[in-house]
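Chemist: Sharing my_file_3.tsv below, TSV, C-alpha atoms:
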chain	number	residue	atom	x	y	z
A	1	MET	CA	5.59	17.28	-9.34
A	2	THR	CA	6.58	17.28	-5.68
A	3	GLY	CA	6.90	14.18	-3.58
A	4	LEU	CA	7.46	11.70	-6.39
A	5	ALA	CA	10.31	9.21	-6.03
A	6	PRO	CA	12.17	7.97	-9.12
A	7	ILE	CA	10.49	4.91	-10.67
A	8	ASP	CA	13.08	2.41	-11.91
A	9	GLY	CA	12.49	-1.20	-12.96
A	10	LEU	CA	12.63	-2.48	-9.39
A	11	ALA	CA	10.21	0.19	-8.18
A	12	ALA	CA	7.77	-0.75	-10.97
A	13	LEU	CA	8.07	-4.41	-9.99
A	14	ALA	CA	7.50	-3.45	-6.35
A	15	ILE	CA	4.32	-1.59	-7.35
A	16	VAL	CA	2.91	-4.56	-9.31
A	17	ALA	CA	3.79	-7.00	-6.50
A	18	LYS	CA	2.16	-4.71	-3.95
A	19	ALA	CA	-1.02	-4.40	-6.06
A	20	VAL	CA	-1.20	-8.20	-6.39
A	21	GLY	CA	-0.64	-8.45	-2.63
A	22	TYR	CA	-3.48	-5.96	-2.02
A	23	GLY	CA	-5.79	-7.93	-4.32
A	24	ALA	CA	-4.92	-11.24	-2.68
A	25	ALA	CA	-5.47	-9.82	0.81
A	26	LEU	CA	-8.83	-8.28	-0.14
A	27	LEU	CA	-10.06	-11.45	-1.87
A	28	ALA	CA	-8.90	-13.63	1.03
A	29	MET	CA	-10.57	-11.44	3.66
A	30	GLY	CA	-13.60	-10.83	1.44
A	31	GLY	CA	-14.17	-14.51	0.65
A	32	VAL	CA	-14.31	-15.24	4.38
A	33	LEU	CA	-16.59	-12.26	5.09
A	34	PHE	CA	-18.92	-13.25	2.22
A	35	SER	CA	-19.28	-16.80	3.50
A	36	PHE	CA	-20.24	-15.38	6.91
A	37	VAL	CA	-22.64	-12.68	5.78
A	38	PHE	CA	-24.40	-14.93	3.26
A	39	ALA	CA	-24.13	-18.26	5.12
A	40	LYS	CA	-27.91	-18.64	5.26
A	41	ARG	CA	-28.90	-16.94	2.01
A	42	ALA	CA	-26.54	-18.14	-0.69
A	43	GLU	CA	-26.55	-21.55	-2.37
A	44	ALA	CA	-23.90	-24.05	-1.26
A	45	SER	CA	-22.10	-23.76	-4.62
A	46	VAL	CA	-21.78	-19.97	-4.20
A	47	LEU	CA	-20.48	-20.28	-0.63
A	48	ARG	CA	-18.03	-22.94	-1.79
A	49	LEU	CA	-16.75	-20.56	-4.48
A	50	ALA	CA	-16.28	-17.80	-1.88
A	51	ARG	CA	-14.25	-20.13	0.34
A	52	GLN	CA	-12.17	-21.48	-2.53
A	53	LEU	CA	-11.50	-17.90	-3.56
A	54	ALA	CA	-10.36	-17.07	-0.02
A	55	VAL	CA	-8.00	-20.05	0.09
A	56	GLY	CA	-6.53	-19.40	-3.38
A	57	ALA	CA	-6.07	-15.71	-2.62
A	58	ALA	CA	-4.45	-16.46	0.75
A	59	LEU	CA	-1.94	-18.78	-0.96
A	60	VAL	CA	-1.12	-16.16	-3.60
A	61	GLY	CA	-0.86	-13.57	-0.81
A	62	LEU	CA	1.70	-15.68	1.07
A	63	ALA	CA	3.82	-16.16	-2.07
A	64	VAL	CA	3.69	-12.44	-2.93
A	65	LEU	CA	4.63	-11.57	0.66
A	66	ALA	CA	7.83	-13.60	0.34
A	67	GLY	CA	8.54	-12.07	-3.07
A	68	ARG	CA	8.09	-8.54	-1.76
A	69	PHE	CA	10.77	-9.14	0.87
A	70	GLY	CA	13.23	-9.90	-1.93
A	71	ILE	CA	12.15	-6.90	-3.99
A	72	ARG	CA	12.43	-4.57	-0.99
A	73	ALA	CA	15.89	-5.98	-0.14
A	74	ALA	CA	17.00	-5.43	-3.75
A	75	ARG	CA	15.69	-1.87	-3.76
A	76	ILE	CA	17.45	-0.76	-0.58
A	77	SER	CA	20.69	-2.56	-1.44
A	78	GLY	CA	21.57	-0.54	-4.53
A	79	MET	CA	22.93	-3.83	-5.97
A	80	GLY	CA	19.95	-4.56	-8.21
A	81	PHE	CA	18.48	-8.06	-8.21
A	82	GLU	CA	21.54	-9.48	-6.42
A	83	GLY	CA	20.36	-7.69	-3.30
A	84	ALA	CA	17.16	-9.75	-3.23
A	85	THR	CA	18.94	-12.71	-1.63
A	86	ASP	CA	21.53	-10.81	0.39
A	87	PRO	CA	21.10	-11.99	4.01
A	88	MET	CA	22.10	-8.62	5.46
A	89	MET	CA	19.59	-6.71	3.28
A	90	LEU	CA	16.83	-9.24	4.04
A	91	GLY	CA	17.70	-8.78	7.72
A	92	PHE	CA	17.23	-5.01	7.43
A	93	VAL	CA	13.83	-5.53	5.79
A	94	TRP	CA	12.84	-8.03	8.46
A	95	GLU	CA	13.77	-5.54	11.21
A	96	SER	CA	11.74	-2.80	9.51
A	97	PRO	CA	7.98	-2.35	9.89
A	98	LEU	CA	7.53	-4.59	6.83
A	99	GLY	CA	8.74	-7.46	9.06
A	100	THR	CA	6.08	-6.73	11.68
A	101	ALA	CA	3.40	-6.38	9.00
A	102	ALA	CA	4.55	-9.64	7.40
A	103	ILE	CA	4.03	-11.51	10.68
A	104	TRP	CA	0.44	-10.22	10.96
A	105	ARG	CA	-0.31	-10.78	7.28
A	106	GLY	CA	1.38	-14.20	7.14
A	107	PHE	CA	-0.45	-15.38	10.27
A	108	GLY	CA	-3.73	-13.99	8.97
A	109	GLU	CA	-3.43	-15.55	5.53
A	110	LEU	CA	-2.47	-18.91	7.03
A	111	ALA	CA	-5.50	-18.70	9.36
A	112	ILE	CA	-7.75	-17.93	6.38
A	113	LEU	CA	-6.77	-21.30	4.85
A	114	THR	CA	-8.87	-22.96	7.59
A	115	VAL	CA	-12.05	-21.48	6.06
A	116	VAL	CA	-12.66	-24.82	4.35
A	117	VAL	CA	-12.96	-26.52	7.76
A	118	PRO	CA	-16.60	-26.37	8.96
A	119	ARG	CA	-17.56	-24.34	12.06
A	120	ILE	CA	-14.34	-23.73	14.10
A	121	GLY	CA	-12.32	-23.22	10.91
A	122	GLN	CA	-14.67	-20.46	9.86
A	123	TRP	CA	-14.07	-18.55	13.08
A	124	ILE	CA	-10.31	-19.00	12.85
A	125	ALA	CA	-10.50	-17.64	9.30
A	126	LEU	CA	-12.50	-14.64	10.53
A	127	VAL	CA	-9.79	-13.86	13.11
A	128	GLY	CA	-7.28	-14.31	10.27
A	129	SER	CA	-9.13	-11.72	8.18
A	130	LEU	CA	-8.90	-9.24	11.03
A	131	ALA	CA	-5.16	-9.96	11.37
A	132	VAL	CA	-4.66	-9.30	7.65
A	133	ALA	CA	-6.50	-5.98	7.97
A	134	ILE	CA	-4.40	-5.07	11.02
A	135	SER	CA	-1.21	-5.88	9.09
A	136	PHE	CA	-1.89	-2.84	6.90
A	137	ALA	CA	-1.80	-0.62	9.97
A	138	GLN	CA	1.79	-1.73	10.67
A	139	VAL	CA	3.52	-0.13	7.68
A	140	GLY	CA	4.25	3.17	6.04
A	141	HIS	CA	2.41	6.33	6.91
A	142	ALA	CA	-0.14	4.43	9.00
A	143	LEU	CA	2.65	4.58	11.62
A	144	GLY	CA	2.39	8.36	11.88
A	145	ASP	CA	0.46	10.15	14.60
A	146	PRO	CA	-2.33	9.82	15.71
A	147	ARG	CA	-1.46	6.18	15.29
A	148	LEU	CA	-4.53	4.60	16.89
A	149	VAL	CA	-6.93	6.68	14.79
A	150	LEU	CA	-5.00	5.89	11.59
A	151	ALA	CA	-4.97	2.19	12.52
A	152	VAL	CA	-8.72	2.03	13.20
A	153	LEU	CA	-9.50	3.92	9.99
A	154	ILE	CA	-7.27	1.73	7.84
A	155	VAL	CA	-8.64	-1.51	9.32
A	156	LEU	CA	-12.20	-0.28	8.70
A	157	HIS	CA	-11.27	0.81	5.16
A	158	LEU	CA	-9.70	-2.58	4.40
A	159	LEU	CA	-12.51	-4.72	5.82
A	160	THR	CA	-15.23	-2.83	3.98
A	161	ALA	CA	-13.24	-2.87	0.72
A	162	ALA	CA	-12.70	-6.61	1.21
A	163	LEU	CA	-16.41	-7.24	1.72
A	164	TRP	CA	-17.07	-5.62	-1.64
A	165	VAL	CA	-14.14	-6.96	-3.66
A	166	GLY	CA	-14.46	-10.48	-2.24
A	167	ALA	CA	-18.17	-10.56	-3.07
A	168	LEU	CA	-17.85	-9.79	-6.79
A	169	LEU	CA	-17.05	-13.29	-8.09
A	170	PRO	CA	-19.48	-15.11	-5.75
A	171	LEU	CA	-22.22	-12.63	-6.72
A	172	ARG	CA	-21.48	-13.15	-10.40
A	173	ARG	CA	-21.96	-16.88	-9.79
A	174	ALA	CA	-25.02	-16.32	-7.57
A	175	ALA	CA	-26.77	-14.48	-10.40
A	176	LEU	CA	-27.13	-17.87	-12.13
A	177	THR	CA	-28.67	-19.63	-9.10
A	178	PRO	CA	-32.39	-19.71	-8.09
A	179	SER	CA	-31.74	-17.71	-4.87
A	180	GLY	CA	-29.50	-15.27	-6.75
A	181	VAL	CA	-31.85	-12.29	-6.78
A	182	ASP	CA	-32.28	-12.45	-2.99
A	183	VAL	CA	-28.53	-12.67	-2.44
A	184	LEU	CA	-27.89	-9.76	-4.80
A	185	HIS	CA	-30.63	-7.69	-3.20
A	186	HIS	CA	-29.30	-8.39	0.30
A	187	PHE	CA	-25.78	-7.54	-0.85
A	188	GLY	CA	-27.07	-4.22	-2.18
A	189	ASN	CA	-28.40	-3.35	1.28
A	190	VAL	CA	-25.28	-4.50	3.14
A	191	ALA	CA	-23.03	-2.75	0.62
A	192	ALA	CA	-24.86	0.56	1.01
A	193	PHE	CA	-23.65	0.72	4.63
A	194	GLY	CA	-20.31	-0.85	3.81
A	195	VAL	CA	-19.59	1.65	1.05
A	196	ALA	CA	-20.52	4.55	3.33
A	197	ALA	CA	-18.03	3.29	5.93
A	198	LEU	CA	-15.43	2.66	3.19
A	199	ILE	CA	-15.69	6.20	1.83
A	200	LEU	CA	-15.79	7.84	5.27
A	201	ALA	CA	-12.69	5.97	6.40
A	202	GLY	CA	-10.90	6.63	3.10
A	203	THR	CA	-11.74	10.32	3.21
A	204	ALA	CA	-10.59	10.64	6.82
A	205	LEU	CA	-7.30	8.87	5.99
A	206	ALA	CA	-6.73	11.07	2.94
A	207	TRP	CA	-7.45	14.14	5.05
A	208	LEU	CA	-5.02	13.06	7.76
A	209	LEU	CA	-2.27	12.34	5.24
A	210	SER	CA	-2.84	15.37	3.01
A	211	GLY	CA	-3.41	18.04	5.64
A	212	SER	CA	-5.16	20.36	3.21
A	213	LEU	CA	-7.29	20.37	0.10
A	214	THR	CA	-4.79	22.44	-1.87
A	215	ALA	CA	-2.12	19.78	-1.22
A	216	LEU	CA	-4.17	17.44	-3.41
A	217	PHE	CA	-3.54	19.48	-6.55
A	218	GLY	CA	0.16	20.29	-6.22
A	219	THR	CA	1.62	16.96	-5.15
A	220	ALA	CA	2.16	13.55	-6.75
A	221	TYR	CA	0.32	11.97	-3.82
A	222	GLY	CA	-2.67	14.24	-4.37
A	223	VAL	CA	-2.86	13.67	-8.11
A	224	GLY	CA	-2.57	9.90	-7.60
A	225	LEU	CA	-5.28	10.01	-4.96
A	226	LEU	CA	-7.62	12.04	-7.20
A	227	LEU	CA	-7.07	9.50	-9.97
A	228	LYS	CA	-7.95	6.70	-7.55
A	229	VAL	CA	-11.07	8.53	-6.39
A	230	ALA	CA	-12.13	9.06	-10.02
A	231	ILE	CA	-11.95	5.30	-10.69
A	232	VAL	CA	-13.79	4.63	-7.41
A	233	ALA	CA	-16.52	7.02	-8.59
A	234	VAL	CA	-16.92	5.01	-11.83
A	235	LEU	CA	-17.06	1.80	-9.77
A	236	LEU	CA	-19.72	3.32	-7.50
A	237	GLY	CA	-21.71	4.31	-10.56
A	238	PHE	CA	-21.77	0.72	-11.81
A	239	ALA	CA	-22.62	-0.58	-8.33
A	240	ALA	CA	-25.50	1.87	-7.96
A	241	PHE	CA	-26.79	1.01	-11.45
A	242	ASN	CA	-26.72	-2.70	-10.51
A	243	LYS	CA	-28.61	-2.07	-7.27
A	244	VAL	CA	-31.20	0.35	-8.62
A	245	ARG	CA	-31.75	-1.03	-12.13
A	246	LEU	CA	-30.32	-4.45	-12.89
A	247	VAL	CA	-31.22	-6.35	-9.71
A	248	PRO	CA	-34.87	-5.15	-9.84
A	249	ALA	CA	-34.87	-6.05	-13.57
A	250	MET	CA	-33.68	-9.56	-12.65
A	251	ARG	CA	-36.41	-9.82	-10.05
A	252	ALA	CA	-38.96	-8.83	-12.71
A	253	GLU	CA	-37.39	-11.57	-14.90
A	254	LYS	CA	-36.70	-9.14	-17.71
A	255	PRO	CA	-34.83	-10.83	-20.58
A	256	GLY	CA	-31.10	-10.16	-20.62
A	257	ALA	CA	-31.03	-8.70	-17.08
A	258	THR	CA	-28.91	-11.52	-15.65
A	259	HIS	CA	-26.42	-11.28	-18.52
A	260	ALA	CA	-26.22	-7.49	-18.14
A	261	LEU	CA	-25.63	-7.79	-14.39
A	262	ARG	CA	-22.87	-10.36	-14.81
A	263	ARG	CA	-21.18	-8.15	-17.40
A	264	SER	CA	-21.50	-5.14	-15.11
A	265	ILE	CA	-19.85	-7.08	-12.27
A	266	SER	CA	-16.98	-7.96	-14.64
A	267	VAL	CA	-16.46	-4.25	-15.33
A	268	GLU	CA	-16.44	-3.65	-11.57
A	269	MET	CA	-13.62	-6.21	-11.27
A	270	LEU	CA	-11.61	-4.34	-13.89
A	271	ALA	CA	-12.15	-1.09	-11.98
A	272	VAL	CA	-10.93	-2.79	-8.79
A	273	VAL	CA	-7.71	-3.87	-10.55
A	274	LEU	CA	-7.08	-0.26	-11.65
A	275	ILE	CA	-7.83	1.04	-8.14
A	276	LEU	CA	-5.35	-1.41	-6.59
A	277	LEU	CA	-2.64	-0.42	-9.10
A	278	ALA	CA	-3.29	3.26	-8.36
A	279	THR	CA	-3.16	2.61	-4.61
A	280	ALA	CA	0.06	0.59	-4.86
A	281	THR	CA	1.64	3.39	-6.92
A	282	ILE	CA	0.60	6.07	-4.43
A	283	THR	CA	1.86	4.11	-1.42
A	284	SER	CA	5.14	3.14	-3.11
A	285	VAL	CA	6.53	6.21	-4.83
A	286	THR	CA	4.73	9.26	-3.49
A	287	THR	CA	5.02	11.02	-0.16
A	288	PRO	CA	1.87	12.20	1.63
A	289	PRO	CA	1.85	16.03	1.77
A	290	VAL	CA	1.94	16.09	5.59
A	291	SER	CA	5.35	14.42	5.41
A	292	LEU	CA	6.83	16.66	2.70
B	1	MET	CA	-22.63	7.27	14.91
B	2	ILE	CA	-19.29	5.61	15.59
B	3	LYS	CA	-18.14	6.51	12.09
B	4	GLN	CA	-19.17	10.13	12.56
B	5	PHE	CA	-17.31	10.23	15.84
B	6	LEU	CA	-14.21	8.78	14.21
B	7	LEU	CA	-14.37	11.29	11.40
B	8	CYS	CA	-14.74	14.20	13.84
B	9	LEU	CA	-11.85	12.85	15.90
B	10	ALA	CA	-9.75	12.44	12.78
B	11	VAL	CA	-10.45	15.98	11.60
B	12	ALA	CA	-9.83	17.47	15.03
B	13	ILE	CA	-6.40	15.98	15.45
B	14	ALA	CA	-5.26	16.25	11.84
B	15	PRO	CA	-2.72	19.02	12.56
B	16	MET	CA	-0.95	16.68	14.99
B	17	VAL	CA	-0.03	14.20	12.28
B	18	ALA	CA	3.73	13.88	12.17
B	19	ALA	CA	6.09	13.08	9.35
B	20	ALA	CA	6.55	9.36	8.97
B	21	HIS	CA	9.95	9.54	7.37
B	22	SER	CA	12.87	11.85	6.90
B	23	LYS	CA	12.66	15.00	4.91
B	24	SER	CA	15.23	16.46	2.56
B	25	GLU	CA	18.55	16.69	4.24
B	26	ALA	CA	21.33	19.23	4.55
B	27	THR	CA	24.54	18.06	2.93
B	28	THR	CA	28.26	18.89	2.95
B	29	PRO	CA	29.18	20.06	0.41
B	30	ALA	CA	25.80	21.66	-0.20
B	31	ASP	CA	23.92	20.53	-3.30
B	32	GLY	CA	25.06	22.61	-6.29
B	33	ALA	CA	27.92	24.25	-4.38
B	34	THR	CA	31.36	25.04	-5.80
B	35	VAL	CA	34.13	24.32	-3.31
B	36	THR	CA	37.92	24.30	-3.36
B	37	GLU	CA	38.45	21.19	-1.26
B	38	VAL	CA	36.34	18.37	0.14
B	39	SER	CA	37.55	16.90	3.42
B	40	GLU	CA	34.34	15.07	4.18
B	41	LEU	CA	30.95	14.22	2.73
B	42	SER	CA	28.01	14.37	5.08
B	43	MET	CA	24.21	14.35	5.13
B	44	ARG	CA	21.80	15.18	7.91
B	45	PHE	CA	18.31	13.72	8.28
B	46	ASP	CA	15.53	14.82	10.60
B	47	ASP	CA	14.62	11.20	11.32
B	48	PRO	CA	16.98	8.21	11.52
B	49	MET	CA	17.84	6.81	8.08
B	50	ARG	CA	19.65	3.56	7.39
B	51	ILE	CA	22.12	4.47	4.63
B	52	ILE	CA	23.01	1.28	2.78
B	53	SER	CA	24.87	2.15	-0.38
B	54	VAL	CA	26.79	5.28	-1.30
B	55	THR	CA	28.71	6.18	-4.43
B	56	LEU	CA	30.71	9.23	-5.42
B	57	THR	CA	31.03	9.66	-9.16
B	58	ALA	CA	33.28	12.05	-11.06
B	59	THR	CA	32.48	12.88	-14.68
B	60	ASP	CA	33.49	9.45	-15.87
B	61	ASP	CA	34.46	7.20	-12.98
B	62	ASP	CA	33.73	6.20	-9.39
B	63	ILE	CA	35.81	7.74	-6.61
B	64	GLU	CA	36.61	5.56	-3.61
B	65	ILE	CA	35.17	6.81	-0.36
B	66	GLU	CA	35.35	5.45	3.16
B	67	ARG	CA	32.28	5.42	5.35
B	68	GLU	CA	32.69	6.72	8.87
B	69	THR	CA	29.05	5.94	9.61
B	70	GLY	CA	28.04	2.30	9.58
B	71	MET	CA	24.78	0.76	8.42
B	72	GLU	CA	22.86	1.53	11.60
B	73	PRO	CA	20.02	4.09	11.28
B	74	THR	CA	21.43	7.56	11.77
B	75	THR	CA	20.47	11.22	11.58
B	76	GLU	CA	23.98	12.19	10.47
B	77	PHE	CA	25.96	10.30	7.85
B	78	ARG	CA	29.67	10.88	7.20
B	79	ALA	CA	32.17	9.60	4.67
B	80	VAL	CA	35.58	10.76	3.48
B	81	PRO	CA	37.08	10.58	-0.01
B	82	LEU	CA	40.18	8.37	-0.05
B	83	GLU	CA	41.97	10.64	-2.51
B	84	GLU	CA	42.11	14.37	-2.99
B	85	LEU	CA	39.32	15.40	-5.33
B	86	ALA	CA	40.63	16.88	-8.57
B	87	PRO	CA	38.81	19.89	-10.04
B	88	GLY	CA	35.59	18.81	-11.75
B	89	SER	CA	31.96	17.86	-11.16
B	90	TYR	CA	30.95	15.21	-8.67
B	91	ARG	CA	27.75	13.48	-7.81
B	92	PHE	CA	27.01	11.63	-4.57
B	93	ASP	CA	24.25	8.99	-4.67
B	94	TRP	CA	22.79	7.08	-1.76
B	95	ARG	CA	20.17	4.44	-1.13
B	96	GLY	CA	18.69	3.28	2.11
B	97	MET	CA	15.62	2.71	4.18
B	98	ALA	CA	13.60	5.11	6.32
B	99	SER	CA	12.49	4.09	9.80
B	100	ASP	CA	9.00	3.29	8.48
B	101	GLY	CA	10.52	0.75	6.06
B	102	HIS	CA	10.20	2.81	2.85
B	103	PRO	CA	13.12	2.37	0.45
B	104	MET	CA	14.69	5.79	0.02
B	105	GLN	CA	17.26	7.23	-2.36
B	106	GLY	CA	18.78	10.58	-3.07
B	107	SER	CA	21.75	12.41	-4.49
B	108	PHE	CA	23.59	15.72	-4.42
B	109	SER	CA	26.10	17.26	-6.77
B	110	PHE	CA	28.95	19.69	-6.31
B	111	THR	CA	31.87	21.12	-8.21
B	112	VAL	CA	35.48	21.28	-7.09
B	113	ALA	CA	37.28	24.37	-8.42
B	114	GLU	CA	41.01	25.08	-8.42
Written as C-alpha cells, that's how I'd like the structure from this file.
Modeler:
Amino acid sequence: MTGLAPIDGLAALAIVAKAVGYGAALLAMGGVLFSFVFAKRAEASVLRLARQLAVGAALVGLAVLAGRFGIRAARISGMGFEGATDPMMLGFVWESPLGTAAIWRGFGELAILTVVVPRIGQWIALVGSLAVAISFAQVGHALGDPRLVLAVLIVLHLLTAALWVGALLPLRRAALTPSGVDVLHHFGNVAAFGVAALILAGTALAWLLSGSLTALFGTAYGVGLLLKVAIVAVLLGFAAFNKVRLVPAMRAEKPGATHALRRSISVEMLAVVLILLATATITSVTTPPVSL
Amino acid sequence: MIKQFLLCLAVAIAPMVAAAHSKSEATTPADGATVTEVSELSMRFDDPMRIISVTLTATDDDIEIERETGMEPTTEFRAVPLEELAPGSYRFDWRGMASDGHPMQGSFSFTVAE
C-alpha cells in the first residue's frame, strides 16, 4: 500500500485524539448552528440542550487541543512520551501550522462558550464557529495550492457537517416534545441542502487531493477515503429513511414511530463516530496521491 | 449556483495542486547500497524538513554520529560518523516534521564491505 506511514502507539493515540478533537469541534459548531436555525421552532428545552452540548464540546475541544500538542511533540521528538513536555519540541510544534490552527481553534472554542449568554453571546458564538471551521484550513494538505479554493471548500464541508452532527442529539430530544415533528420536518428540508453542499465540497476536496480516480484504488489515502465514503453512504441511507418514512410516520402518529426514529438517530451517531475515526486516520498516516 | 461554480473552479485548477510536504529523498549512501567507506551521511528533500532525531544502528548497537545540520528546516541534511564504520549492515533512522506540520519519519540501510 503506497503512502501509508508506520502506525506506532503514539500515532494511534494521535489518531484517537484527533478524532475526538474533530467530534468536539463539530458538536461545538453544530450546537451553535442548531440554536440559530431552530431558535423559533424548537422548544426551550431542546435549544438549551443544543447550547449545553456546544459548551461541553468546546471545553473538551480545548482540552484535546492541548493534549494534541504534547502528542505531536512526542511524535516528532523520537524520545517517546518524554518528548511531550520537551520545551524545544513544543516550540517546534507551536511554530508549525498546528500552532496557527490552534490559535484559530482555541479562540473559536472559547468564543463558543458564550453561547449561553442571550443575544450578543449567540453572535459571538457564531463567529467562534466560523473561526473553528477556518482553523481546519490552516493545517496539513489544506495548505497546498490552490489554497483559497481548498480553504473555502474545507470551511463549507466543516460547517455543513457540523450542522448535521450537532443536530443529532437535540433532534433525538425534540422527538419527545410536542413541536418535535415540525422541528424534524424542518431539519429534513434544511439538511437536504446542507448534505448536498457537504457532499459537493467533500468530493471537490477529494478530487483536488487525489488528482485521479485510479489513485483512489492504489493508495492508502484512496482506500481510507473509499471506506469513509461507504460509511457516509450508510449514514445517508438512515437519514433519508428518517426523512421519507419515520418523520411522516410520526406526523401520522403511528405507534412506535417516535421510538424507531430515536433509535435510528442513535445509529447515525455511531456512524458519525466511525466516520471521524476514518477521517482522523486518513489525515494522520496517509499521504494524498497528489503529494506522493 | 455558488457551489457549482466552486466545483467547476476546483476541477479546472486541480492539476495545479502542489505537494504539501517533502517526497522521498535521495540519500548518501543510497538505500540498499554496498560501499567500502562512509565519510558522510546525507539526505536531500524537495521541501524543507526539520530533522529532529537521527540514529545510526549497526547490527547490534548504536553508532555515534555528529550532525553537521542543525534543527532548522532544511532541504539537505548532513551528518558524519564519529568512528570508521566496520564492515557490516547499518540502518539510519530519522524523525522530524514537514513544513506543513506533519510528523515525518524514515530510514535507509546500507552495507559496508571490506
Chemist: Taking only C-alpha atoms into account, what are the residues of chain A at most 9 Å from chain B, put as a PyMOL selection string?
Modeler: chain A and resi 5-6+72-73+75-79+89+92-93+95-99+139-147+149-150+152-153+197+200-201+203-205+207-209+211+284+288+290-292
Chemist: Which residues are near Gly106 (chain A)? Cut-off 7 Å, all atoms listed in the file, ignore same chain within fewer than 4 positions. Put them as a PyMOL selection string.
Modeler: chain A and resi 62+102+110
Chemist: Which residues are close to region 221-233 of chain A, i.e. within 7 Å by all atoms listed in the file, leaving aside same-chain residues fewer than 3 positions away? Reply as a ChimeraX atom specification.
Modeler: /A:3,215-218,236-237,271,275,278-279,282,286-288
Chemist: How would the residues just chosen look if you wrote them out with C-alpha atoms as a short mmCIF file (atom, residue, chain, number, x, y, z; two decimals), keeping the file's coordinate frame?
Modeler:
data_model
loop_
_atom_site.label_atom_id
_atom_site.label_comp_id
_atom_site.auth_asym_id
_atom_site.auth_seq_id
_atom_site.Cartn_x
_atom_site.Cartn_y
_atom_site.Cartn_z
CA GLY A 3 6.90 14.18 -3.58
CA ALA A 215 -2.12 19.78 -1.22
CA LEU A 216 -4.17 17.44 -3.41
CA PHE A 217 -3.54 19.48 -6.55
CA GLY A 218 0.16 20.29 -6.22
CA LEU A 236 -19.72 3.32 -7.50
CA GLY A 237 -21.71 4.31 -10.56
CA ALA A 271 -12.15 -1.09 -11.98
CA ILE A 275 -7.83 1.04 -8.14
CA ALA A 278 -3.29 3.26 -8.36
CA THR A 279 -3.16 2.61 -4.61
CA ILE A 282 0.60 6.07 -4.43
CA THR A 286 4.73 9.26 -3.49
CA THR A 287 5.02 11.02 -0.16
CA PRO A 288 1.87 12.20 1.63
#
Chemist: Write out as a PyMOL selection string each polymer residue whose atoms come within 9 Å of Glu84 (chain B), counting all atoms listed in the file; drop sequence neighbours fewer than 5 positions from it.
Modeler: chain B and resi 37-39
Chemist: To one decimal place in Å, what is the distance between CA of Phe110 (chain B) and CA of Arg91 (chain B)?
Modeler: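 Interatomic distance, CA of Phe110 (chain B) to CA of Arg91 (chain B): 6.5 Å.
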Chemist: Counting all atoms listed in the file, figure out which residue out of B:Ser109, B:Arg44, B:Met49, B:Val35 gets nearest to Gly70 (chain B).
Modeler: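 Counting all atoms listed in the file, the residue closest to Gly70 (chain B) is B:Met49.
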Chemist: Do you know which residues are at most 10 Å from region 13-20 of chain A counting only C-alpha atoms, after dropping those on the same chain fewer than 4 positions away, and could you put them as a PyMOL selection string?
Modeler: chain A and resi 7-9+24-26+57+60-61+64-65+67-72+75+273-285
Chemist: What does the distance between CA of Ser35 (chain A) and CA of Leu47 (chain A) come to in Å, to one decimal place?
Modeler: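 Pair CA of Ser35 (chain A) / CA of Leu47 (chain A) returns 5.5 Å.
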Chemist: For a test of reading the model, state the distance in Å between CA of Leu171 (chain A) and CA of Ile154 (chain A), rounded to one decimal.
Modeler: 25.3 Å
Chemist: Which protein, DNA or RNA residues are at most 10 Å from (35.8, 16.4, -12.4) in the file's coordinates when you count only C-alpha atoms, listed as number ranges by chain?
Modeler: B: 57-61, 85-91, 110-113
Chemist: Nearest residue to Ala30 (chain B) out of B:Glu114, B:Thr75, B:Glu68, B:Met43, using all atoms listed in the file?
Modeler: B:Met43
Chemist: Please provide the set of residues having any atom within 10 Å of region 253-261 of chain A, restricted to all atoms listed in the file, with same-chain residues fewer than 2 positions apart removed, written as a PyMOL selection string.
Modeler: chain A and resi 171-172+175-176+180-181+238-239+241-243+245-251+263-267
Chemist: When you count only C-alpha atoms, which of these residues is closest to Ser129 (chain A): A:Asn189, A:Leu27, A:Val165, A:Arg173?
Modeler: A:Leu27
Chemist: Where atoms are missing, can you supply N, CA and C atoms for region 48-57 of chain B and output the lot as a PDB file, keeping the file's coordinate frame?
Modeler:
ATOM      1  N   PRO B  48      15.925   9.164  11.837  1.00  0.00           N
ATOM      2  CA  PRO B  48      16.980   8.210  11.520  1.00  0.00           C
ATOM      3  C   PRO B  48      16.785   7.512  10.166  1.00  0.00           C
ATOM      4  N   MET B  49      17.866   7.431   9.402  1.00  0.00           N
ATOM      5  CA  MET B  49      17.840   6.810   8.080  1.00  0.00           C
ATOM      6  C   MET B  49      18.953   5.765   8.045  1.00  0.00           C
ATOM      7  N   ARG B  50      18.616   4.579   7.531  1.00  0.00           N
ATOM      8  CA  ARG B  50      19.650   3.560   7.390  1.00  0.00           C
ATOM      9  C   ARG B  50      20.246   3.731   5.994  1.00  0.00           C
ATOM     10  N   ILE B  51      21.477   4.246   5.928  1.00  0.00           N
ATOM     11  CA  ILE B  51      22.120   4.470   4.630  1.00  0.00           C
ATOM     12  C   ILE B  51      22.840   3.179   4.248  1.00  0.00           C
ATOM     13  N   ILE B  52      22.446   2.585   3.139  1.00  0.00           N
ATOM     14  CA  ILE B  52      23.010   1.280   2.780  1.00  0.00           C
ATOM     15  C   ILE B  52      24.080   1.364   1.714  1.00  0.00           C
ATOM     16  N   SER B  53      23.802   2.059   0.624  1.00  0.00           N
ATOM     17  CA  SER B  53      24.870   2.150  -0.380  1.00  0.00           C
ATOM     18  C   SER B  53      25.132   3.597  -0.725  1.00  0.00           C
ATOM     19  N   VAL B  54      26.416   3.921  -0.906  1.00  0.00           N
ATOM     20  CA  VAL B  54      26.790   5.280  -1.300  1.00  0.00           C
ATOM     21  C   VAL B  54      27.816   5.202  -2.421  1.00  0.00           C
ATOM     22  N   THR B  55      27.699   6.111  -3.371  1.00  0.00           N
ATOM     23  CA  THR B  55      28.710   6.180  -4.430  1.00  0.00           C
ATOM     24  C   THR B  55      29.017   7.643  -4.721  1.00  0.00           C
ATOM     25  N   LEU B  56      30.292   7.892  -5.000  1.00  0.00           N
ATOM     26  CA  LEU B  56      30.710   9.230  -5.420  1.00  0.00           C
ATOM     27  C   LEU B  56      31.242   9.069  -6.837  1.00  0.00           C
ATOM     28  N   THR B  57      30.635   9.801  -7.762  1.00  0.00           N
ATOM     29  CA  THR B  57      31.030   9.660  -9.160  1.00  0.00           C
ATOM     30  C   THR B  57      31.583  10.976  -9.688  1.00  0.00           C
TER      31      THR B  57
END
